[in-house]
Structure formats: structure tokens, C-alpha cells
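Below you'll find the structure, written out as C-alpha cells, and then a few comments.
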Amino acid sequence: MGSVKAVIFDMDGLLLDTEKLLIRYWIQAANEAGFPMKLEHALSIRSLHRSFAIPYLQGIFGEEFDYASIRSRRMKLMNEHLADKPPELKNGAAELLEFLNDRKIPAAVATATDYERTRDYLTRAGIFGCFDKIVCATMVERGKPEPDIYIYAAAQLGLKPEECIALEDSPNGVKSAASAGCKTIMIPDLSEPDEEMKKIAFAIADSLDVVIGIIKQL
């Protein structure tokens with residue numbers, strides 16, 4: 001464990017079982033606005049920064065695709081869904097966070113979600129206090145799949161990216177963490193890793209508790 005100085009977590013779909021809600025309500029919001037968004041389109045924009053998502057979606061649906069208003073509607077639908085219940089923790093999250101705490105290994109979050117919602121979700125899930133740093137895409141120049149957010153998160157912990165393990169569920173997140181230089185472990189959520197993910201990921205695990213064994217071997 002001597003080579004593992006910190007663990008940096010993605011949030012949606014990795015720590016919290018919220019990615020399925022993001023997908024559902026992206027599709028609903030786009031469909032309500034008259035755009036035939038399907039599952040494959042919504043999956044492609046997981047963790048994707050708006051500077052990349054806007055041209056991607058407008059390339060599919062046309063320049064009239066109003067990303068800001070459709071995203072706002074998606075957020076409203078998701079907020080309504082979560083209004084009376086906390087976000088669910090993914091399998092193994094509690095065990096891994098307890099393991100890191102027991103061994104005094106710092107933990108951070110690096111998420112495409114804004115800070116206010118990140119704080120709200122993590123607080124309601126009961127794990128906000130488990131993290132030394134919370135880093136959001138709004139804090140860096142370029143969001144995922146660019147490496148900026150992981151470079152910044154590592155720096156906030158006083159470390160180099162290569163001294164950190166990064167945990168991600170989506171291809172855009174894996175690209176971000178791996179290109180930053182982190183030891184990137186993919187824990188697939190809504191789609192299985194393709195050959196590119198298998199090549200650039202340090203490891204692929206079925207759930208977060210499996211990461212404990214990987215850390216012990218490092």
C-alpha cells in the first residue's frame with residue numbers, strides 16, 4: 001500500500017447510483033423538446049464537459065438543440081426524483097471508504113457535477129465527510145475527458161497524479177484520469193469496457209469493494 005497515497009473518486013455512477021437517473025432524464029428532457037435522443041446518445045455524454053457535449057449533440061440533432069434549456073429541464077426532473085429520498089450508494093462504496101479511513105489514505109471527489117449538487121448528494125448519502133477534497137468541473141479550464149480535473153484534484157491533495165488511484169465508471173472519466181497519469185481503475189456502471197478502456201485502465205473491477213484488494217497488492 002506504500003505506493004497508494006490517495007484515491008480520487010468520480011461521483012455519479014461510481015459512488016452514487018445516479019447515472020441511471022441522469023440518462024433517463026436526459027432522454028426525457030430531450031424528447032419533450034422534440035429531439036429523438038436515445039440511450040446511446042445519453043450514454044455517450046456521461047461525464048462529458050458541456051464544451052464537448054454541445055457540439056456532439058448539435059452534430060446529431062442540429063444547431064437548434066438548446067443544450068442549456070434541455071439540461072435545465074433534466075436537472076429539474078432529477079431534483080424532483082430525489083426530493084424525498086437520498087441518492088443510493090453503489091455496492092462496496094461504504095466498505096472502501098471505511099478501509100481508506102482506517103488506513104488514513106486521503107480521498108477526494110472529481111466530478112462533472114457542480115459543487116452545490118455534489119455537496120447535497122454526498123451529504124444526503126451520508127458520505128460527504130469522508131473526503132478531504134471535492135473538485136468539480138467548474139474549478140478547471142477543461143472538463144472530462146481532458147485530464148485537468150484529475151491533475152487539479154491531485155494537486156489539491158499535495159500529490160502528483162501518478163501517486164493517486166482514480167476510480168471511474170464511464171469512458172470519458174477513464175480517459176480523463178488515465179491521461180492525467182493516475183492509476184485508473186474502471187468500475188463499469190451502465191456499459192461494459194471496450195478494448196480502448198481495457199488498454200488504458202490500470203485495472204477493471206466489478207464493484208468498489210474489489211478495489212480494496214487491488215490497493216493491498218500495490
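Ordered as shown in the C-alpha cells, chains take letters A, B, and onward, while each chain numbers its residues from 1 and ligands are numbered from 1 in the order shown.
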Which residues, written as a ChimeraX atom specification, have at least one atom at most 10 Å from segment 109-121 of chain A, with only C-alpha atoms counted and residues fewer than 3 positions away on the same chain left out? /A:7-12,15-16,18,46-50,79,82,86-88,124-139,143-144,149-154,166-168,173,177
Give the helix (DSSP H, G or I) residues of segment 29-136 of chain A, as DSSP finds them on the backbone, and put them as a PyMOL selection string. chain A and resi 29-32+39-44+50-61+67-82+93-102+115-124+128-130
Just C-alpha atoms for this one: save the residues we selected as an mmCIF file, in the first residue's frame.
data_model
loop_
_atom_site.group_PDB
_atom_site.id
_atom_site.type_symbol
_atom_site.label_atom_id
_atom_site.label_comp_id
_atom_site.auth_asym_id
_atom_site.auth_seq_id
_atom_site.Cartn_x
_atom_site.Cartn_y
_atom_site.Cartn_z
ATOM 1 C CA ALA A 29 -35.932 16.236 -21.425
ATOM 2 C CA ALA A 30 -34.634 15.997 -24.986
ATOM 3 C CA ASN A 31 -37.694 14.073 -26.142
ATOM 4 C CA GLU A 32 -40.005 16.649 -24.565
ATOM 5 C CA LEU A 39 -29.928 5.562 -24.930
ATOM 6 C CA GLU A 40 -26.719 5.501 -26.956
ATOM 7 C CA HIS A 41 -26.672 9.301 -27.216
ATOM 8 C CA ALA A 42 -27.173 9.785 -23.491
ATOM 9 C CA LEU A 43 -24.538 7.181 -22.652
ATOM 10 C CA SER A 44 -22.012 8.981 -24.850
ATOM 11 C CA ARG A 50 -20.503 20.909 -21.927
ATOM 12 C CA SER A 51 -17.820 22.308 -24.262
ATOM 13 C CA PHE A 52 -17.649 18.847 -25.828
ATOM 14 C CA ALA A 53 -21.277 17.780 -25.262
ATOM 15 C CA ILE A 54 -22.824 20.760 -27.046
ATOM 16 C CA PRO A 55 -21.113 20.257 -30.430
ATOM 17 C CA TYR A 56 -21.556 16.492 -30.116
ATOM 18 C CA LEU A 57 -25.312 16.744 -29.573
ATOM 19 C CA GLN A 58 -25.807 19.529 -32.083
ATOM 20 C CA GLY A 59 -23.912 17.421 -34.600
ATOM 21 C CA ILE A 60 -26.567 14.734 -34.138
ATOM 22 C CA PHE A 61 -29.742 16.777 -33.644
ATOM 23 C CA TYR A 67 -28.293 22.301 -24.558
ATOM 24 C CA ALA A 68 -28.774 24.785 -21.714
ATOM 25 C CA SER A 69 -32.566 24.607 -21.583
ATOM 26 C CA ILE A 70 -32.693 20.832 -22.044
ATOM 27 C CA ARG A 71 -30.065 20.350 -19.357
ATOM 28 C CA SER A 72 -32.043 22.642 -17.056
ATOM 29 C CA ARG A 73 -35.153 20.511 -17.620
ATOM 30 C CA ARG A 74 -33.110 17.345 -16.978
ATOM 31 C CA MET A 75 -31.868 18.786 -13.685
ATOM 32 C CA LYS A 76 -35.432 19.703 -12.644
ATOM 33 C CA LEU A 77 -36.680 16.187 -13.354
ATOM 34 C CA MET A 78 -33.793 14.659 -11.429
ATOM 35 C CA ASN A 79 -34.252 17.001 -8.476
ATOM 36 C CA GLU A 80 -37.924 16.048 -8.317
ATOM 37 C CA HIS A 81 -36.995 12.360 -8.357
ATOM 38 C CA LEU A 82 -34.516 12.794 -5.499
ATOM 39 C CA ALA A 93 -18.720 2.278 -1.508
ATOM 40 C CA ALA A 94 -19.153 2.223 2.265
ATOM 41 C CA GLU A 95 -16.644 -0.607 2.689
ATOM 42 C CA LEU A 96 -13.989 1.093 0.557
ATOM 43 C CA LEU A 97 -14.406 4.460 2.286
ATOM 44 C CA GLU A 98 -14.120 2.778 5.697
ATOM 45 C CA PHE A 99 -10.981 0.957 4.536
ATOM 46 C CA LEU A 100 -9.367 4.231 3.386
ATOM 47 C CA ASN A 101 -10.316 5.993 6.599
ATOM 48 C CA ASP A 102 -8.897 3.196 8.761
ATOM 49 C CA TYR A 115 -20.273 21.831 -6.182
ATOM 50 C CA GLU A 116 -23.676 22.611 -4.653
ATOM 51 C CA ARG A 117 -25.310 19.475 -6.011
ATOM 52 C CA THR A 118 -22.214 17.411 -5.216
ATOM 53 C CA ARG A 119 -22.304 18.560 -1.606
ATOM 54 C CA ASP A 120 -26.052 17.934 -1.422
ATOM 55 C CA TYR A 121 -25.864 14.439 -2.905
ATOM 56 C CA LEU A 122 -22.897 13.322 -0.810
ATOM 57 C CA THR A 123 -24.376 14.810 2.365
ATOM 58 C CA ARG A 124 -27.729 13.124 1.852
ATOM 59 C CA PHE A 128 -19.662 13.999 2.489
ATOM 60 C CA GLY A 129 -17.332 13.937 5.493
ATOM 61 C CA CYS A 130 -15.337 11.032 4.035
#
As a check of understanding: the span from atom CA of Lys38 of chain A to atom CA of Ser179 of chain A is 28.8 Å
Among the residues of segment 16-207 of chain A, find those DSSP assigns to strand (DSSP E) from the backbone and print them as a list in words. Ala107, Ala108, Val109, Ala110, Thr111, Lys133, Ile134, Val135, Cys136, Cys164, Ile165, Ala166, Leu167, Glu168, Lys183, Thr184, Ile185, Met186, Ala203 and Ile204 of chain A
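Distances here use only C-alpha atoms; by that measure, the residue among A:Ile204, A:Val4, A:Ala180, A:Met197 closest to Ile165 of chain A is A:Val4.
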